[in-house]
Amino acid sequence: MNGKHMDNVLEVKDLTMNFGGIKALDRVSLEIKKNQIVALIGPNGAGKTTLFNCLTGIYTPSGGDITVHPPQGKSRRLNGMKINQITALGLARTFQNIRLFGGMTVLENVMIGRHCRTRAGIGGAIFRPQGTRDEENDIVGRSYEILEYFGLNMYVNDLAKNLPYGAQRRLEIARALACEPQLLLLDEPAAGMNHQETRELEKLIVRLREEYDLSILLIEHDMKLVMNLAQNIFVLDYGEEIARGTPAEITSNPVVIKAYLGVENDAEIN
Amino acid sequence: MKFAEELKKSFFITLWLILLTFPFMAVQVNTIENAVIWRLRNIIFVGLAGFLLSFCWQLFLKRKSAAALIAPNRPSRLHRLMNEPRLYRPALIIVSLFALLFPFVFSHYQINIMITALIYVMLGLGLNIEVGLAGLLDLGYVAFYAVGAYSYALLNYHFGLGFWTALPVGAILAAFFGLLVGFPVLRLRGDYLAIVTLAFAEIIRLVLENWNSFSFGPSGISNIPRPGFFGLNLTPEQSAIYMYFLLIILCLLTVFVIHRLQNSRIGRAWVALREDELACQAMGIDKTKAKLAAFALGATWAGMAGVLFAAKTTFINPASFTFLESAMILSIVVLGGMGSIAGVIIAALALILLPEYLRVFADYRMLLFGAALIMMMVFRPQGILADMRKKYEFRPLDSGRKN
C-alpha cells in the first residue's frame, strides 16, 4: 500500500465549498485507494453529503482540487465538470433519500444506468439498424444480469415506486453499478434498514468490491457497518476533517469520541 | 348508517346547489313589463338532478378508492383489452377498414372535419414527446405549428415552393425554432418553463400579427395551393380525399417514429428526465442534449402539421395560432394519458370530432368540455389510456432477451 500516487483512484485536496458566508466544507482532503472501502462519518450537517455533491458535480466547489485517476487514461480534474461527464469518468452514486425513476420499471431503471456506456441516438432509435439492436440487447442482457446479482429479478417489470423499501435501496445501488463505475459513492445505504437487512447489505458491499473490482466511498451512521467494512475512515465535523485512520484508530480517537461517537466506543449511533 | 350519512351529505350539496342557482334558474325578470316571473318548477329539477349527481359522484369516488386499495397497479380494462390479440386484432381490422372507406362513404364536409382531427392527432403526438415523455410542460406548442404553416405560406408566396418541398422545410424550420426556445429554458422546469414557452408563443403570434411587410399582418395569406397530385388538377372534393389519405399515412409515420423513440435509449432518457432530473444526470445522461432533442423533435411534428394545415385551409392568419390552440393540444395529451400513443389518438379524435357532431349542444360546448375535464381529473387522472412501460420477458437463469 505504498507507491503513494499511483494506486489512488480519487484524490481530494483542500476542497472548500461556501454557501454565501457559510463554509460547508473547509479545506477537506482525502484519498481513496484502488479497491478500498472508505467511510465518511460525522454528525448531521457536518458536510458529508455536500462533499458527495461536490465530487459528483452537483455543486461546483469554491476551491481545491478533485482528481480522478482512471485505470487507463490520464488523470482528470473534476472541478466544474458536468454531472454526467463525471459519471462517464467512473464515479457513480446513490442518494440519501432514494431517487429512483418511480414511473419506470425496475429493469428500465438499471437500463438508464447503461446510458453513458452506449451510443444510439435519434437516428438509431428510428431506423433501428443492426448495431442499435445489438446494443439494445446488450443493455437489456447486462441490466438483467445485474438485477439477478442483486436478487431483484423477480421485480423486473414492476414499477420502481412499488418496490419494498429495502429493494428500492438495493435497486439504487444496482442502477449505479450499471454505469460501470470504478468508484461507487453510497450515501447512507443502510438508512431505514433493520438489523437483518443491514447485515445483508454489508455482505453485498463486500461482494461488490471483490467481484466488480470497485473502490467504495460510503457515508453511514451505522457504526457497526462502518467499522466492519471500512479500511479507512474520514471524520468530518463542521465542514472540517477532524480525524482519519483505520477503524481501530478512529474508535479510540478522543476528538472523534467527543464530536460524534459519544462516550462509549462501540455505541451505535443513528 | 353509512348510507344515511351519504344521503345527508347529498342532501346538503343539493341545498347548496339550489341556493347557488336560484337567481338564474328560478327568477326571471321581464324588463319590458317590469315583472318578475317565478319559475319554481326549475328548482325541483335542479334539486333532483343535483341530488342524483352528487349521490353518483360519491358512489364512484368510493368505488375508485376501494379499487385502489385492492389492486393498486392492476392494468385497466382497456389495457387488458389491448393486450389480448383475439380482441384487438379484429378491432384493428375494423378501424383500418373504416379509415380506408371513410372518404368514399361520408360527405366532403365530414372528410374535412376528419382531416382537422387527424392534424390534431399529429399535434397531440408531437406534444406528447415534450410533455408526456420528457415532462417539459410546453404551453406554447402552437408557436411551432405557426412556424410550419407560415413557412409553407411564405415560401410559396415568395418563391413558389410546392407542398412537398415545404413539408420537410417547415418541419426543419420548426425544429430549429424548437432549439431556439430550448436553449434559454434549459435550466427551467415545471411552471417556469410553462410561462416562458407561453410567452414565446405569444411573441411569435404578435410578430406575425404586426410585422405587416413580412407576414401580411392580421389579414393573413390566402391562395395557398393544396398539395398537388403528380401535376393533376384536383377538384376540392378529390383534393380532400387525397389530403385525408396523406394525413392517415403521416399519422401512421408519426406513430411509428414515436413508438420507436419511446422504447429506445433516448426515449428512456426522456422518461428518466421527467421522473427525476438530478438522478437522471447522475446516471450519466446529458440533460442539455436530452431536453433539446425533445424540443426539436416535438416541434418537428408541429411544423409538419402546420404545413398540412396551411395546405388544407388555403388561408392562414395569426388568429389560428392563439393560446387557446396550445391549451387544446395540451388537453389532448393530458386527457389521453401522458406518454401514451393510443390514448392521445383517442383523445384527439374525441375532442375534435365530438364538438362537431354535437352541434345541438353548441351553446353548452365549453360547459360540457369543462365538466368532462373535471370528471377526468377526479376519476382518471392518468388519462384515458395511461402509458404502460414496456415489459421484457426472460427465461429464468437466462440473461438474453426472449421477447
# chains A, B, ... in the order shown; residues from 1 in each chain; ligands from 1
>>> select_by_dssp(residues="segment 64-120 of chain A", states="strand (DSSP E)", output="NGL selection string")
:A and (64-68 or 76-77 or 91-93)
>>> interface_residues(of="chain B", to="chain A", cutoff="10 Å", atoms="only C-alpha atoms", output="VMD selection string")
chain B and resid 72 to 73 256 to 269 271 to 287 293 297 387 to 394 396 to 402
>>> write_last_selection(atoms="N, CA and C atoms", output="short mmCIF file (atom, residue, chain, number, x, y, z; two decimals), in the first residue's frame")
data_model
loop_
_atom_site.label_atom_id
_atom_site.label_comp_id
_atom_site.auth_asym_id
_atom_site.auth_seq_id
_atom_site.Cartn_x
_atom_site.Cartn_y
_atom_site.Cartn_z
N PRO B 72 -53.63 -1.88 -6.47
CA PRO B 72 -53.18 -0.54 -6.86
C PRO B 72 -52.59 -0.47 -8.26
N ASN B 73 -52.05 -1.56 -8.75
CA ASN B 73 -51.33 -1.46 -10.03
C ASN B 73 -51.92 -2.35 -11.11
N PHE B 256 -45.37 5.45 -35.78
CA PHE B 256 -44.23 4.54 -35.92
C PHE B 256 -42.98 5.14 -35.29
N VAL B 257 -42.69 6.39 -35.65
CA VAL B 257 -41.47 7.03 -35.15
C VAL B 257 -41.53 7.19 -33.63
N ILE B 258 -42.67 7.66 -33.13
CA ILE B 258 -42.75 7.91 -31.69
C ILE B 258 -42.72 6.61 -30.91
N HIS B 259 -43.34 5.57 -31.47
CA HIS B 259 -43.28 4.28 -30.81
C HIS B 259 -41.84 3.79 -30.71
N ARG B 260 -41.09 3.98 -31.79
CA ARG B 260 -39.70 3.54 -31.76
C ARG B 260 -38.87 4.37 -30.79
N LEU B 261 -39.14 5.69 -30.80
CA LEU B 261 -38.38 6.57 -29.90
C LEU B 261 -38.65 6.21 -28.44
N GLN B 262 -39.93 5.93 -28.17
CA GLN B 262 -40.37 5.70 -26.80
C GLN B 262 -39.55 4.61 -26.10
N ASN B 263 -39.29 3.54 -26.80
CA ASN B 263 -38.58 2.43 -26.17
C ASN B 263 -37.13 2.33 -26.64
N SER B 264 -36.54 3.49 -26.88
CA SER B 264 -35.14 3.49 -27.28
C SER B 264 -34.32 4.08 -26.15
N ARG B 265 -33.02 4.12 -26.38
CA ARG B 265 -32.12 4.70 -25.38
C ARG B 265 -32.51 6.14 -25.09
N ILE B 266 -32.79 6.91 -26.14
CA ILE B 266 -33.11 8.32 -25.95
C ILE B 266 -34.49 8.49 -25.31
N GLY B 267 -35.44 7.61 -25.68
CA GLY B 267 -36.77 7.69 -25.09
C GLY B 267 -36.72 7.42 -23.59
N ARG B 268 -35.93 6.43 -23.21
CA ARG B 268 -35.78 6.13 -21.78
C ARG B 268 -35.14 7.31 -21.06
N ALA B 269 -34.18 7.95 -21.73
CA ALA B 269 -33.53 9.11 -21.11
C ALA B 269 -34.56 10.21 -20.86
N VAL B 271 -37.81 9.83 -20.32
CA VAL B 271 -38.68 9.46 -19.20
C VAL B 271 -37.94 9.63 -17.88
N ALA B 272 -36.65 9.27 -17.87
CA ALA B 272 -35.86 9.45 -16.66
C ALA B 272 -35.77 10.93 -16.30
N LEU B 273 -35.63 11.75 -17.31
CA LEU B 273 -35.58 13.21 -17.10
C LEU B 273 -36.88 13.69 -16.48
N ARG B 274 -37.98 13.13 -16.94
CA ARG B 274 -39.28 13.50 -16.39
C ARG B 274 -39.40 13.06 -14.94
N GLU B 275 -38.90 11.87 -14.66
CA GLU B 275 -39.07 11.30 -13.32
C GLU B 275 -38.20 12.00 -12.29
N ASP B 276 -36.94 12.24 -12.60
CA ASP B 276 -36.04 12.87 -11.63
C ASP B 276 -34.84 13.44 -12.37
N GLU B 277 -34.82 14.75 -12.48
CA GLU B 277 -33.80 15.40 -13.31
C GLU B 277 -32.40 15.16 -12.77
N LEU B 278 -32.25 15.28 -11.44
CA LEU B 278 -30.91 15.16 -10.86
C LEU B 278 -30.39 13.73 -10.95
N ALA B 279 -31.24 12.79 -10.59
CA ALA B 279 -30.81 11.39 -10.65
C ALA B 279 -30.49 11.01 -12.08
N CYS B 280 -31.25 11.56 -13.01
CA CYS B 280 -31.04 11.26 -14.42
C CYS B 280 -29.66 11.72 -14.87
N GLN B 281 -29.24 12.90 -14.42
CA GLN B 281 -27.90 13.37 -14.75
C GLN B 281 -26.85 12.52 -14.06
N ALA B 282 -27.13 12.17 -12.81
CA ALA B 282 -26.16 11.36 -12.06
C ALA B 282 -25.97 9.99 -12.69
N MET B 283 -26.93 9.55 -13.52
CA MET B 283 -26.77 8.28 -14.21
C MET B 283 -26.08 8.48 -15.56
N GLY B 284 -25.56 9.66 -15.78
CA GLY B 284 -24.74 9.88 -16.97
C GLY B 284 -25.50 10.40 -18.18
N ILE B 285 -26.72 10.88 -17.98
CA ILE B 285 -27.47 11.39 -19.12
C ILE B 285 -27.20 12.89 -19.25
N ASP B 286 -26.90 13.32 -20.47
CA ASP B 286 -26.66 14.73 -20.72
C ASP B 286 -28.02 15.42 -20.80
N LYS B 287 -28.33 16.19 -19.76
CA LYS B 287 -29.62 16.85 -19.66
C LYS B 287 -29.85 17.78 -20.85
N ALA B 293 -33.22 17.67 -27.71
CA ALA B 293 -33.77 16.68 -28.64
C ALA B 293 -35.28 16.61 -28.50
N LEU B 297 -37.60 17.56 -31.63
CA LEU B 297 -38.43 16.52 -32.23
C LEU B 297 -39.91 16.84 -32.08
N ASP B 387 -49.98 5.56 -19.91
CA ASP B 387 -48.79 4.96 -20.51
C ASP B 387 -48.37 3.74 -19.71
N MET B 388 -48.20 2.62 -20.39
CA MET B 388 -47.69 1.43 -19.72
C MET B 388 -46.27 1.21 -20.22
N ARG B 389 -45.35 1.02 -19.29
CA ARG B 389 -43.98 0.81 -19.70
C ARG B 389 -43.84 -0.56 -20.36
N LYS B 390 -42.87 -0.62 -21.26
CA LYS B 390 -42.63 -1.87 -21.98
C LYS B 390 -42.22 -2.97 -21.02
N LYS B 391 -42.74 -4.17 -21.27
CA LYS B 391 -42.37 -5.29 -20.43
C LYS B 391 -41.39 -6.19 -21.19
N TYR B 392 -40.42 -6.69 -20.46
CA TYR B 392 -39.45 -7.60 -21.07
C TYR B 392 -39.65 -8.97 -20.47
N GLU B 393 -39.46 -9.99 -21.29
CA GLU B 393 -39.62 -11.35 -20.78
C GLU B 393 -38.28 -12.04 -20.73
N PHE B 394 -38.07 -12.77 -19.66
CA PHE B 394 -36.83 -13.51 -19.51
C PHE B 394 -37.16 -14.92 -19.10
N PRO B 396 -36.00 -17.94 -16.79
CA PRO B 396 -35.19 -17.97 -15.59
C PRO B 396 -33.77 -18.43 -15.91
N LEU B 397 -32.80 -17.82 -15.27
CA LEU B 397 -31.39 -18.15 -15.45
C LEU B 397 -30.92 -17.97 -16.89
N ASP B 398 -31.51 -17.00 -17.56
CA ASP B 398 -31.08 -16.71 -18.92
C ASP B 398 -30.99 -15.20 -19.02
N SER B 399 -29.83 -14.74 -19.43
CA SER B 399 -29.67 -13.30 -19.44
C SER B 399 -30.06 -12.68 -20.78
N GLY B 400 -30.26 -13.49 -21.79
CA GLY B 400 -30.65 -12.94 -23.09
C GLY B 400 -32.12 -12.59 -23.09
N ARG B 401 -32.50 -11.79 -24.04
CA ARG B 401 -33.90 -11.40 -24.11
C ARG B 401 -34.66 -12.41 -24.95
N LYS B 402 -35.83 -12.77 -24.47
CA LYS B 402 -36.63 -13.73 -25.21
C LYS B 402 -37.57 -12.99 -26.15
#
>>> residues_around(residues="Phe234 of chain A", least_positions_apart="4", cutoff="9 Å", atoms="only C-alpha atoms", output="list in words")
Leu30, Val38, Ala39, Leu40, Ile41, Gly42, Glu241, Ile242, Ala243, Arg244, Gly245, Thr246 and Ile250 of chain A
>>> residues_around(residues="Glu240 of chain A", least_positions_apart="2", cutoff="9 Å", atoms="only C-alpha atoms", output="list of chain:residue names")
A:Ala24, A:Leu25, A:Asp26, A:Arg27, A:Val28, A:Ala46, A:Gly47, A:Val235, A:Leu236, A:Asp237, A:Tyr238, A:Ile242
>>> atom_distance(atom1="atom CA of Asn44 of chain A", atom2="atom CA of Ala191 of chain A")
13.2 Å
>>> closest_residue(among="B:Met122, B:Ala175, B:Phe144, B:Lys9", to="Ile249 of chain B", atoms="only C-alpha atoms")
B:Met122
>>> select_by_dssp(residues="segment 19-217 of chain A", states="helix (DSSP H, G or I)", output="ChimeraX atom specification")
/A:48-55,83-88,106-113,115-117,122-127,130-149,153-155,160-162,165-177,195-211
>>> write_last_selection(atoms="C-alpha atoms", output="short mmCIF file (atom, residue, chain, number, x, y, z; two decimals), in the first residue's frame")
data_model
loop_
_atom_site.label_atom_id
_atom_site.label_comp_id
_atom_site.auth_asym_id
_atom_site.auth_seq_id
_atom_site.Cartn_x
_atom_site.Cartn_y
_atom_site.Cartn_z
CA LYS A 48 -20.73 14.73 4.19
CA THR A 49 -23.43 14.97 1.56
CA THR A 50 -22.05 18.33 0.44
CA LEU A 51 -18.76 16.57 -0.20
CA PHE A 52 -20.58 13.92 -2.24
CA ASN A 53 -22.35 16.62 -4.21
CA CYS A 54 -19.03 18.31 -4.95
CA LEU A 55 -17.47 15.04 -6.05
CA ILE A 83 -22.64 15.74 -13.59
CA ASN A 84 -22.98 13.34 -16.49
CA GLN A 85 -19.35 13.81 -17.55
CA ILE A 86 -18.20 12.83 -14.07
CA THR A 87 -20.40 9.74 -14.19
CA ALA A 88 -18.85 8.83 -17.52
CA VAL A 106 -37.08 -1.88 -12.32
CA LEU A 107 -35.30 -3.13 -15.42
CA GLU A 108 -35.55 0.26 -17.10
CA ASN A 109 -34.03 1.92 -14.05
CA VAL A 110 -30.94 -0.22 -14.45
CA MET A 111 -31.01 0.25 -18.22
CA ILE A 112 -30.77 4.01 -17.66
CA GLY A 113 -27.50 3.31 -15.88
CA HIS A 115 -26.86 5.18 -20.91
CA CYS A 116 -23.39 6.66 -20.61
CA ARG A 117 -21.77 3.43 -21.88
CA ILE A 122 -32.28 9.52 -32.58
CA GLY A 123 -31.46 8.04 -35.97
CA GLY A 124 -30.60 4.72 -34.38
CA ALA A 125 -33.86 4.77 -32.45
CA ILE A 126 -35.99 5.38 -35.54
CA PHE A 127 -34.26 3.20 -38.12
CA GLN A 130 -28.30 -3.90 -36.59
CA GLY A 131 -25.83 -2.01 -34.43
CA THR A 132 -28.56 -0.37 -32.38
CA ARG A 133 -30.42 -3.66 -31.98
CA ASP A 134 -27.28 -5.39 -30.75
CA GLU A 135 -26.61 -2.55 -28.37
CA GLU A 136 -30.18 -2.66 -27.08
CA ASN A 137 -29.97 -6.41 -26.50
CA ASP A 138 -26.70 -5.88 -24.70
CA ILE A 139 -28.26 -3.22 -22.46
CA VAL A 140 -31.17 -5.49 -21.59
CA GLY A 141 -28.92 -8.51 -21.02
CA ARG A 142 -26.42 -6.76 -18.79
CA SER A 143 -29.14 -4.96 -16.84
CA TYR A 144 -30.88 -8.25 -16.19
CA GLU A 145 -27.60 -9.80 -15.05
CA ILE A 146 -27.14 -7.01 -12.53
CA LEU A 147 -30.70 -7.44 -11.28
CA GLU A 148 -30.10 -11.17 -10.85
CA TYR A 149 -26.93 -10.42 -8.95
CA ASN A 153 -35.01 -10.24 -10.89
CA MET A 154 -38.48 -11.14 -9.65
CA TYR A 155 -39.39 -7.46 -9.88
CA ALA A 160 -39.79 1.03 -9.19
CA LYS A 161 -42.07 3.04 -6.92
CA ASN A 162 -43.99 -0.10 -5.96
CA TYR A 165 -38.12 -0.12 0.79
CA GLY A 166 -35.13 -2.43 1.13
CA ALA A 167 -35.42 -3.47 -2.51
CA GLN A 168 -35.52 0.17 -3.57
CA ARG A 169 -32.25 0.78 -1.72
CA ARG A 170 -30.65 -2.18 -3.46
CA LEU A 171 -32.04 -1.08 -6.82
CA GLU A 172 -30.33 2.29 -6.38
CA ILE A 173 -27.00 0.51 -5.97
CA ALA A 174 -27.78 -1.75 -8.93
CA ARG A 175 -28.56 1.26 -11.08
CA ALA A 176 -25.31 2.96 -10.10
CA LEU A 177 -23.41 -0.23 -10.85
CA HIS A 195 -30.65 -5.19 11.57
CA GLN A 196 -31.12 -8.15 9.24
CA GLU A 197 -31.19 -6.00 6.11
CA THR A 198 -28.10 -4.12 7.23
CA ARG A 199 -26.17 -7.38 7.63
CA GLU A 200 -27.17 -8.40 4.11
CA LEU A 201 -26.14 -5.03 2.78
CA GLU A 202 -22.77 -5.47 4.42
CA LYS A 203 -22.23 -8.79 2.67
CA LEU A 204 -23.39 -7.29 -0.60
CA ILE A 205 -20.93 -4.40 -0.41
CA VAL A 206 -18.01 -6.75 0.31
CA ARG A 207 -19.01 -8.95 -2.61
CA LEU A 208 -19.43 -5.97 -4.91
CA ARG A 209 -15.97 -4.70 -4.18
CA GLU A 210 -14.40 -8.04 -4.95
CA GLU A 211 -16.42 -9.12 -7.94
#
>>> residues_around(residues="Leu217 of chain A", least_positions_apart="2", cutoff="8 Å", atoms="only C-alpha atoms", output="list of chain:residue names")
A:Ile32, A:Ile37, A:Val38, A:Ala39, A:Leu40, A:Leu183, A:Leu184, A:Leu185, A:Leu186, A:Ser215, A:Ile219
>>> residues_around(residues="Gly148 of chain B", least_positions_apart="4", cutoff="10 Å", atoms="only C-alpha atoms", output="list in words")
Val142, Ala143, Phe144, Tyr152, Ala153, Ala166, Leu167, Pro168, Val169, Gly170, Ala171, Ile172, Leu173, Ala174, Ala175, Ala299, Thr300, Trp301, Ala302, Gly303, Met304, Ala305, Gly306, Val307, Leu308, Phe309 and Ala310 of chain B
>>> write_last_selection(atoms="C-alpha atoms", output="tab-separated table (two decimals), in the first residue's frame")
chain	number	residue	atom	x	y	z
B	142	VAL	CA	-48.80	26.40	-31.15
B	143	ALA	CA	-45.75	28.56	-31.99
B	144	PHE	CA	-44.14	25.66	-33.84
B	152	TYR	CA	-45.25	26.97	-46.36
B	153	ALA	CA	-47.40	30.03	-46.99
B	166	ALA	CA	-42.37	22.84	-47.97
B	167	LEU	CA	-43.23	19.83	-45.80
B	168	PRO	CA	-39.63	18.97	-44.83
B	169	VAL	CA	-38.58	22.63	-44.87
B	170	GLY	CA	-41.42	23.54	-42.50
B	171	ALA	CA	-40.50	20.62	-40.25
B	172	ILE	CA	-36.83	21.61	-40.15
B	173	LEU	CA	-37.62	25.28	-39.53
B	174	ALA	CA	-39.94	24.33	-36.68
B	175	ALA	CA	-37.24	22.06	-35.24
B	299	ALA	CA	-41.53	20.89	-32.79
B	300	THR	CA	-40.83	18.91	-35.97
B	301	TRP	CA	-44.28	17.32	-35.87
B	302	ALA	CA	-45.93	20.65	-35.15
B	303	GLY	CA	-44.12	22.10	-38.16
B	304	MET	CA	-45.38	19.33	-40.42
B	305	ALA	CA	-48.89	19.71	-39.02
B	306	GLY	CA	-48.63	23.44	-39.73
B	307	VAL	CA	-47.74	22.88	-43.38
B	308	LEU	CA	-50.66	20.49	-43.70
B	309	PHE	CA	-52.98	22.95	-42.02
B	310	ALA	CA	-51.97	25.73	-44.42
>>> atom_distance(atom1="atom CA of Leu155 of chain B", atom2="atom CA of Phe214 of chain B")
11.4 Å
>>> closest_residue(among="B:Ser215, B:Thr116, B:Gln28, B:Asn156", to="Leu351 of chain B", atoms="only C-alpha atoms")
B:Thr116
>>> decode(residues="segment 161-211 of chain A", atoms="C-alpha atoms", output="CSV table (one decimal), in the first residue's frame")
chain,number,residue,atom,x,y,z
A,161,LYS,CA,-42.1,3.0,-6.9
A,162,ASN,CA,-44.0,-0.1,-6.0
A,163,LEU,CA,-41.0,-1.9,-4.6
A,164,PRO,CA,-40.5,-2.5,-0.9
A,165,TYR,CA,-38.1,-0.1,0.8
A,166,GLY,CA,-35.1,-2.4,1.1
A,167,ALA,CA,-35.4,-3.5,-2.5
A,168,GLN,CA,-35.5,0.2,-3.6
A,169,ARG,CA,-32.2,0.8,-1.7
A,170,ARG,CA,-30.7,-2.2,-3.5
A,171,LEU,CA,-32.0,-1.1,-6.8
A,172,GLU,CA,-30.3,2.3,-6.4
A,173,ILE,CA,-27.0,0.5,-6.0
A,174,ALA,CA,-27.8,-1.7,-8.9
A,175,ARG,CA,-28.6,1.3,-11.1
A,176,ALA,CA,-25.3,3.0,-10.1
A,177,LEU,CA,-23.4,-0.2,-10.9
A,178,ALA,CA,-24.8,-0.3,-14.4
A,179,CYS,CA,-22.8,2.8,-15.1
A,180,GLU,CA,-19.6,0.7,-14.8
A,181,PRO,CA,-18.0,2.9,-12.1
A,182,GLN,CA,-14.6,2.4,-10.7
A,183,LEU,CA,-15.6,4.3,-7.6
A,184,LEU,CA,-19.0,3.8,-6.1
A,185,LEU,CA,-20.3,6.5,-3.8
A,186,LEU,CA,-23.0,5.3,-1.3
A,187,ASP,CA,-24.9,7.9,0.6
A,188,GLU,CA,-26.3,6.3,3.8
A,189,PRO,CA,-27.1,3.0,2.1
A,190,ALA,CA,-28.4,1.4,5.4
A,191,ALA,CA,-30.7,4.3,6.4
A,192,GLY,CA,-34.0,2.9,7.4
A,193,MET,CA,-33.0,-0.7,7.2
A,194,ASN,CA,-33.4,-3.1,10.0
A,195,HIS,CA,-30.7,-5.2,11.6
A,196,GLN,CA,-31.1,-8.2,9.2
A,197,GLU,CA,-31.2,-6.0,6.1
A,198,THR,CA,-28.1,-4.1,7.2
A,199,ARG,CA,-26.2,-7.4,7.6
A,200,GLU,CA,-27.2,-8.4,4.1
A,201,LEU,CA,-26.1,-5.0,2.8
A,202,GLU,CA,-22.8,-5.5,4.4
A,203,LYS,CA,-22.2,-8.8,2.7
A,204,LEU,CA,-23.4,-7.3,-0.6
A,205,ILE,CA,-20.9,-4.4,-0.4
A,206,VAL,CA,-18.0,-6.8,0.3
A,207,ARG,CA,-19.0,-9.0,-2.6
A,208,LEU,CA,-19.4,-6.0,-4.9
A,209,ARG,CA,-16.0,-4.7,-4.2
A,210,GLU,CA,-14.4,-8.0,-5.0
A,211,GLU,CA,-16.4,-9.1,-7.9
